[in-house]
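Structure first, then comments.
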Amino acid sequence: MFTSLQSLIELAESRQLPLHEIILQGEIASSGRSREALQADMTRRLETMRASVDKGLASPVHTLSGLSKGNAHKFYTSIRQNDAALTGSCLSRAIARAMAVGEVNAGMGCIVATPTAGAAGVLPAVLLSLQEARGFTDEQLVNALFTAGGIGIVIVNRANVSGAAGGCQAETGSAAAMAAGSAVELLGGTPGQSVHAVALSLSNMLGLVCDPVAGLVEVPCILRNAGAVAQCFTAVDLALAGVESLIPADEVIDAMERIGGRMDERFRETAQGGLAATPTGRALAQAFWTRTRGEKTNEF
Amino acid sequence: MENIRGLSIFDIIGPIMVGPSSSHTAGAVRLGLVARSIFGEQPQSALIELHGSFAETGRGHGTDRALVAGLLGLEPSDERIPMSFDLARDCGLHFQFQDVDLGESQHPNTVHFILSSADRKMEITGSSVGGGMITVTRLDGFPVNLTAEFETLLIVGEDRPGTINAITARLYEEHINVAFFNVARDQRGGQAIMIIETDDTIPGGLVEYFKTFPWVHAVRRILRLKE
């Protein structure tokens with residue numbers, strides 16, 4: 001059931017059950033574990049997500065490299081003082097949350113990799129912002145995480161979620177797709193609308209390269225999480241209004257896989273292309289490596 | 001239609017880990033943890049040789065601190081990982097890093113530990129193969145394949161007839177199902193190593209029992225990695 005989103009929709013429709021229930025039942029069957037144990041494990045992940053968001057918003061996070069310094073805190077403070085963000089109250093707060101998790105990750109703080117550490121900001125940002133705006137319970141958010149996880153499994157089974165294999169489209173693109181599908185369900189959309197949101201969000205992120213400055217999970221990764229949240233919200237609103245993706249979600253995932261396979265190695269996490277290879281990107285990398293090589297004889 | 005790669009929801013929504021990278025940070029902690037487990041206790045001293053991407057970009061990802069954290073027994077989600085160098089000082093673990101070239105056939109994210117305590121020394125090579133998953137590939141010169149995805153029994157002893165039977169007979173009596181079984185030796189009649197990965201928990205008493213066999217030199221129980 002986890003090899004196509006179409007089969008998930010068909011199961012949900014034929015059994016008259018929401019996507020999260022179909023996915024949870026699948027996990028119970030494959031793991032042999034109880035519903036309560038799986039829900040408890042997922043609740044622990046939700047709590048870790050919330051803690052990472054809170055940490056990144058509460059005060060400026062300083063990363064190991066010093067490349068980014070508390071932008072999440074800066075942006076969050078700004079939008080709270082002056083409610084003039086063009087992206088609106090809900091999206092702007094989600095953007096701040098996504099960056100918060102990205103910064104905490106880069107600062108060696110604790111996060112939940114969803115689906116990877118580099119893309120870990122998207123899902124907590126979307127779900128926790130919807131909770132703030134619409135008052136969803138933690139139990140509903142845990143259900144949404146099962147839906148997101150099921151979508152992620154389909155993506156891994158048809159393509160992959162690693163920047164080294166498929167570029168940033170596979171990391172933040174997959175995260176946006178997982179978040180979009182689960183958000184539509186949370187907001188009362190049908191399973192079909194959830195899957196259209198997956199297709200619409202991923203379509204808008206196809207081709208995105210993985211080009212980390214100095215090879216660190218930091219620039220542009222933290223901001224890509226913010227961009228992915230915006231793509232997710234766009235797709236969610238469109239899908240809930242009944243807009244459909246002409247290309248079915250499963251085929252969009254397959255297209256992502258083929259694009260990733262043909263992507264030049266320079267654009268797959270090697271820090272040899274894109275923003276990493278700009279004059280400033282190279283200079284930042286050089287400065288960072290000179291500094292860390294100076295510390296290379298770590299010894300005690 | 002089925003889940004062809006046997007993935008769990010928690011492979012996608014997880015692991016819970018200290019950043020920034022599942023392969024360079026979480027995987028590195030796990031390599032340290034498994035090395036500590038194979039050594040059987042916290043070593044007093046560790047020479048940690050970094051190969052490939054671990055040497056090139058490891059410090060930017062905290063790979064060095066993560067490896068030391070694992071040797072100290074910290075889990076990948078432990079927020080003390082960034083402070084592991086200070087913790088090592090408090091715990092009496094002396095460590096030193098060195099960049100090495102282990103050859104092109106090695107996975108880019110590879111570490112070679114040389115661990116020692118007062119009276120013994122052990123060399124362990126392992127790689128972080130993606131998503132926080134690891135493989136131990138060499139143990140004191142023996143080629144091995146140990147993932148710690150299962151509970152594992154490691155037995156080092158003399159290479160002589162009947163040893164496999166003696167071990168598996170007892171596993172049978174204890175109703176322990178073997179998932180993977182790997183045997184290697186340095187030479188005929190020399191030293192042999194058995195790596196037995198099991199579906200079921202190995203009771204501590206069984207480890208003590210195997211130690212009483214006269215041809216057994218060392219037995220280790222390596223716990224399955226969580227998260």
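Here's how to read the names in the structure tokens: chain A, B, ... by the order shown, residue numbers from 1 in each chain, ligand numbers from 1 in the order shown.
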Q: Write out as a ChimeraX atom specification every residue belonging to chain A that has an atom at most 6 Å from any atom of chain B, counting only C-alpha atoms.
A: /A:1-2,105-106,108-115,117,149,299-300
Prev. selection, N, CA and C atoms, output as a JSON list (two decimals), in the first residue's frame:
```
[["chain", "number", "residue", "atom", "x", "y", "z"],
["A", 1, "MET", "N", 0.81, -1.22, 0.00],
["A", 1, "MET", "CA", 0.00, 0.00, 0.00],
["A", 1, "MET", "C", 0.85, 1.26, 0.00],
["A", 2, "PHE", "N", 2.14, 1.14, 0.38],
["A", 2, "PHE", "CA", 2.97, 2.34, 0.46],
["A", 2, "PHE", "C", 3.82, 2.57, -0.78],
["A", 105, "ASN", "N", 19.09, 22.84, 14.49],
["A", 105, "ASN", "CA", 19.80, 21.70, 13.89],
["A", 105, "ASN", "C", 21.26, 22.05, 13.60],
["A", 106, "ALA", "N", 21.48, 23.20, 12.98],
["A", 106, "ALA", "CA", 22.85, 23.60, 12.63],
["A", 106, "ALA", "C", 23.67, 23.91, 13.88],
["A", 108, "MET", "N", 23.71, 22.07, 16.54],
["A", 108, "MET", "CA", 23.81, 20.80, 17.27],
["A", 108, "MET", "C", 22.79, 20.70, 18.40],
["A", 109, "GLY", "N", 21.58, 21.19, 18.13],
["A", 109, "GLY", "CA", 20.47, 20.97, 19.06],
["A", 109, "GLY", "C", 19.66, 19.77, 18.62],
["A", 110, "CYS", "N", 18.68, 19.39, 19.44],
["A", 110, "CYS", "CA", 17.91, 18.18, 19.17],
["A", 110, "CYS", "C", 16.71, 18.48, 18.27],
["A", 111, "ILE", "N", 16.55, 17.70, 17.21],
["A", 111, "ILE", "CA", 15.47, 17.87, 16.24],
["A", 111, "ILE", "C", 14.91, 16.50, 15.85],
["A", 112, "VAL", "N", 13.82, 16.50, 15.09],
["A", 112, "VAL", "CA", 13.32, 15.25, 14.51],
["A", 112, "VAL", "C", 13.57, 15.33, 13.01],
["A", 113, "ALA", "N", 14.34, 14.43, 12.47],
["A", 113, "ALA", "CA", 14.62, 14.41, 11.04],
["A", 113, "ALA", "C", 13.33, 14.03, 10.30],
["A", 114, "THR", "N", 12.78, 14.95, 9.48],
["A", 114, "THR", "CA", 11.51, 14.69, 8.78],
["A", 114, "THR", "C", 11.53, 15.25, 7.37],
["A", 115, "PRO", "N", 11.87, 14.57, 6.35],
["A", 115, "PRO", "CA", 12.41, 13.22, 6.39],
["A", 115, "PRO", "C", 13.90, 13.18, 6.69],
["A", 117, "ALA", "N", 17.47, 15.56, 8.43],
["A", 117, "ALA", "CA", 17.81, 16.63, 9.37],
["A", 117, "ALA", "C", 17.79, 17.99, 8.66],
["A", 149, "GLY", "N", 4.06, 10.81, 7.45],
["A", 149, "GLY", "CA", 5.00, 9.69, 7.37],
["A", 149, "GLY", "C", 4.64, 8.72, 6.25],
["A", 299, "GLU", "N", 42.78, 17.22, 20.85],
["A", 299, "GLU", "CA", 43.42, 16.16, 21.63],
["A", 299, "GLU", "C", 43.19, 16.43, 23.09],
["A", 300, "PHE", "N", 43.09, 15.34, 23.82],
["A", 300, "PHE", "CA", 43.08, 15.50, 25.27],
["A", 300, "PHE", "C", 43.87, 14.36, 25.86]]
```
Q) Do you know which residues are at most 7 Å from Asp159 in chain B counting only C-alpha atoms, after dropping those on the same chain fewer than 5 positions away, and could you put them as a VMD selection string? A) chain B and resid 185 188 to 192
Q.
Please list as a list of chain:residue names every residue within 6 Å of range 159-172 of chain A, counting only C-alpha atoms and excluding residues in the same chain fewer than 2 positions away.
A. A:Ala119, A:Ile155, A:Val156, A:Asn157, A:Ser174, A:Ala175, A:Met205, A:Leu206, A:Leu208, A:Val209, A:Cys210, A:Glu257, A:Gly260, A:Arg268, A:Glu269
Output N, CA and C atoms for every residue in the selection just made, as a CSV table (one decimal), in the first residue's frame.
```csv
chain,number,residue,atom,x,y,z
A,119,ALA,N,15.9,19.0,6.3
A,119,ALA,CA,14.6,19.5,6.0
A,119,ALA,C,13.7,19.4,7.2
A,155,ILE,N,7.2,8.3,-1.1
A,155,ILE,CA,8.2,9.0,-1.8
A,155,ILE,C,9.5,8.2,-1.8
A,156,VAL,N,9.9,7.6,-0.6
A,156,VAL,CA,11.1,6.8,-0.5
A,156,VAL,C,11.0,5.6,-1.4
A,157,ASN,N,9.8,4.9,-1.4
A,157,ASN,CA,9.7,3.7,-2.2
A,157,ASN,C,9.7,4.0,-3.7
A,174,SER,N,10.3,17.0,-0.6
A,174,SER,CA,9.5,15.9,0.0
A,174,SER,C,8.9,16.4,1.3
A,175,ALA,N,9.6,17.2,2.1
A,175,ALA,CA,9.1,17.7,3.3
A,175,ALA,C,7.9,18.6,3.1
A,205,MET,N,8.6,22.5,-6.6
A,205,MET,CA,10.0,22.4,-6.1
A,205,MET,C,10.9,21.5,-6.9
A,206,LEU,N,10.3,21.0,-8.0
A,206,LEU,CA,11.1,20.1,-8.9
A,206,LEU,C,12.4,20.9,-9.4
A,208,LEU,N,15.1,21.6,-7.8
A,208,LEU,CA,15.9,22.4,-6.8
A,208,LEU,C,17.2,21.6,-6.4
A,209,VAL,N,18.3,22.3,-6.5
A,209,VAL,CA,19.6,21.6,-6.3
A,209,VAL,C,20.0,21.7,-4.9
A,210,CYS,N,20.9,20.8,-4.5
A,210,CYS,CA,21.5,20.8,-3.1
A,210,CYS,C,22.9,21.4,-3.2
A,257,GLU,N,12.3,11.8,-9.2
A,257,GLU,CA,13.3,10.7,-9.2
A,257,GLU,C,14.2,10.8,-10.5
A,260,GLY,N,16.4,13.9,-10.4
A,260,GLY,CA,17.5,13.7,-9.4
A,260,GLY,C,18.6,12.8,-10.0
A,268,ARG,N,24.5,17.9,-6.0
A,268,ARG,CA,24.0,16.9,-5.1
A,268,ARG,C,24.8,16.8,-3.9
A,269,GLU,N,24.8,17.9,-3.1
A,269,GLU,CA,25.4,17.9,-1.7
A,269,GLU,C,26.9,17.9,-1.7
```
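The closest residue to Met194 in chain B, picked from B:Asp101, B:Asp119, B:Glu158, B:Glu75 and counting only C-alpha atoms, is B:Glu158.
Note that DSSP on the backbone gives alpha helix (DSSP H) to these residues of range 93-175 of chain B: Thr163, Ile164, Asn165, Ala166, Ile167, Thr168, Ala169, Arg170, Leu171, Tyr172 and Glu173 of chain B.
Nearest residue to Gly40 in chain B among B:Leu223, B:Val183, B:Leu171, B:Leu67 is B:Leu223, counting only C-alpha atoms.
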(Q) When you look at Leu38 in chain A with a cut-off of 12 Å (counting only C-alpha atoms), what residues show up, excluding the ones that are within fewer than 6 positions of it in the same chain? I need them as a VMD selection string. (A) (chain A and resid 23 to 32 44 to 45 142 to 143 145 to 146) or (chain B and resid 8 to 10 13)
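Nearest to Leu153 in chain B of all the residues B:Gly141, B:Pro43, B:Pro203, B:Gly73 is B:Pro203, based on only C-alpha atoms.
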Please identify all polymer residues within 12 Å of range 14-16 of chain A, counting only C-alpha atoms, omitting same-chain residues fewer than 6 positions from it, and present them as a PDB file with C-alpha atoms, in the first residue's frame.
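And here's selection26.pdb as it stands now:
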```pdb
ATOM      1  CA  SER A   7      -3.601   3.165  -3.719  1.00  0.00           C
ATOM      2  CA  LEU A   8      -3.722   5.012  -0.383  1.00  0.00           C
ATOM      3  CA  ILE A  22      -5.154   3.706   6.906  1.00  0.00           C
ATOM      4  CA  GLN A  25      -3.237   0.429  10.530  1.00  0.00           C
ATOM      5  CA  THR A 190     -10.628  14.699   1.322  1.00  0.00           C
ATOM      6  CA  PRO A 191      -7.887  12.074   0.758  1.00  0.00           C
TER       7      PRO A 191
END
```
